[in-house]
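Undergrad: Dropping the structure in here first, questions after.
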Amino acid sequence: MSEKPAPADTAARQQLEPATADAVRAYAARTRETADQFAAVLEDIAENGLPAVEDCTPWEELREAHLARLAAQRPAVA
C-alpha cells in the first residue's frame, strides 16, 4: 500500500468533523502500532527461529483468556 492517499477530487469528498478525523487518526496509529509489534515478532522468529514449545502458551489458554476479557466488557443480560 502507498503511504499517500490516491488523488481524488476533493470537491466530491465529504469532510469529516474534527473530532471524527482525530478518532480516525487515533485508530490508524493504534493499527500501525499493532502491525509494528506483529512485524517485530515475525522478524525475531526469522532471526532466531521458533521459541521452544515449553516457553509458549497453548492457544486454548489464550482463547479462554480472550473470551473472558470479552465477557467482562459486555454488560450482563437479566
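Residue numbers start at 1 in each chain; chains themselves are named A, B, ... in the order of the C-alpha cells; ligands are numbered from 1 in the order shown.
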Could you please write out, as JSON, numbers by chain, every residue of chain A that DSSP assigns to helix (DSSP H, G or I)?
TA: {"A": [10, 11, 12, 18, 19, 20, 21, 22, 23, 24, 25, 26, 27, 28, 29, 30, 31, 32, 33, 34, 35, 36, 37, 38, 39, 40, 41, 42, 43, 44, 45, 46, 47, 48, 53, 54, 55, 59, 60, 61, 62, 63, 64, 65, 66, 67, 68, 69, 70, 71, 72, 73]}
Undergrad: With C-alpha atoms retained, write the just-selected residues as a PDB file, in the first residue's frame.
TA:
ATOM      1  CA  THR A  10     -11.714  16.936  -3.069  1.00  0.00           C
ATOM      2  CA  ALA A  11     -14.984  18.592  -4.029  1.00  0.00           C
ATOM      3  CA  ALA A  12     -16.632  15.158  -4.224  1.00  0.00           C
ATOM      4  CA  PRO A  18     -12.565  17.488  13.515  1.00  0.00           C
ATOM      5  CA  ALA A  19     -13.374  15.063  16.355  1.00  0.00           C
ATOM      6  CA  THR A  20     -14.131  12.287  13.867  1.00  0.00           C
ATOM      7  CA  ALA A  21     -10.922  12.953  11.959  1.00  0.00           C
ATOM      8  CA  ASP A  22      -8.978  12.794  15.240  1.00  0.00           C
ATOM      9  CA  ALA A  23     -10.645   9.472  16.083  1.00  0.00           C
ATOM     10  CA  VAL A  24      -9.727   8.070  12.657  1.00  0.00           C
ATOM     11  CA  ARG A  25      -6.115   9.202  13.123  1.00  0.00           C
ATOM     12  CA  ALA A  26      -6.004   7.590  16.582  1.00  0.00           C
ATOM     13  CA  TYR A  27      -7.355   4.331  15.157  1.00  0.00           C
ATOM     14  CA  ALA A  28      -4.736   4.450  12.400  1.00  0.00           C
ATOM     15  CA  ALA A  29      -1.987   4.976  14.989  1.00  0.00           C
ATOM     16  CA  ARG A  30      -3.206   2.005  17.083  1.00  0.00           C
ATOM     17  CA  THR A  31      -3.426  -0.169  13.981  1.00  0.00           C
ATOM     18  CA  ARG A  32       0.078   0.871  12.905  1.00  0.00           C
ATOM     19  CA  GLU A  33       1.432   0.106  16.406  1.00  0.00           C
ATOM     20  CA  THR A  34      -0.154  -3.354  16.370  1.00  0.00           C
ATOM     21  CA  ALA A  35       1.252  -4.048  12.906  1.00  0.00           C
ATOM     22  CA  ASP A  36       4.710  -2.924  14.053  1.00  0.00           C
ATOM     23  CA  GLN A  37       4.543  -5.289  17.054  1.00  0.00           C
ATOM     24  CA  PHE A  38       3.495  -8.173  14.824  1.00  0.00           C
ATOM     25  CA  ALA A  39       6.282  -7.395  12.363  1.00  0.00           C
ATOM     26  CA  ALA A  40       8.812  -7.350  15.215  1.00  0.00           C
ATOM     27  CA  VAL A  41       7.679 -10.822  16.331  1.00  0.00           C
ATOM     28  CA  LEU A  42       7.993 -12.164  12.797  1.00  0.00           C
ATOM     29  CA  GLU A  43      11.446 -10.611  12.419  1.00  0.00           C
ATOM     30  CA  ASP A  44      12.518 -12.196  15.717  1.00  0.00           C
ATOM     31  CA  ILE A  45      11.284 -15.607  14.531  1.00  0.00           C
ATOM     32  CA  ALA A  46      13.118 -15.167  11.225  1.00  0.00           C
ATOM     33  CA  GLU A  47      16.328 -14.192  13.048  1.00  0.00           C
ATOM     34  CA  ASN A  48      16.244 -16.647  15.966  1.00  0.00           C
ATOM     35  CA  VAL A  53       7.318 -25.316  22.997  1.00  0.00           C
ATOM     36  CA  GLU A  54       7.831 -25.131  26.774  1.00  0.00           C
ATOM     37  CA  ASP A  55       8.079 -21.333  26.528  1.00  0.00           C
ATOM     38  CA  TRP A  59      -3.747 -21.419  22.062  1.00  0.00           C
ATOM     39  CA  GLU A  60      -6.634 -22.808  24.129  1.00  0.00           C
ATOM     40  CA  GLU A  61      -5.459 -20.791  27.148  1.00  0.00           C
ATOM     41  CA  LEU A  62      -5.094 -17.681  25.028  1.00  0.00           C
ATOM     42  CA  ARG A  63      -8.594 -18.184  23.595  1.00  0.00           C
ATOM     43  CA  GLU A  64     -10.176 -18.668  27.025  1.00  0.00           C
ATOM     44  CA  ALA A  65      -8.428 -15.590  28.429  1.00  0.00           C
ATOM     45  CA  HIS A  66      -9.606 -13.519  25.458  1.00  0.00           C
ATOM     46  CA  LEU A  67     -13.180 -14.782  25.784  1.00  0.00           C
ATOM     47  CA  ALA A  68     -13.117 -13.950  29.499  1.00  0.00           C
ATOM     48  CA  ARG A  69     -11.967 -10.393  28.679  1.00  0.00           C
ATOM     49  CA  LEU A  70     -14.763 -10.016  26.134  1.00  0.00           C
ATOM     50  CA  ALA A  71     -17.354 -11.341  28.594  1.00  0.00           C
ATOM     51  CA  ALA A  72     -16.155  -8.895  31.254  1.00  0.00           C
ATOM     52  CA  GLN A  73     -16.615  -5.971  28.844  1.00  0.00           C
TER      53      GLN A  73
END
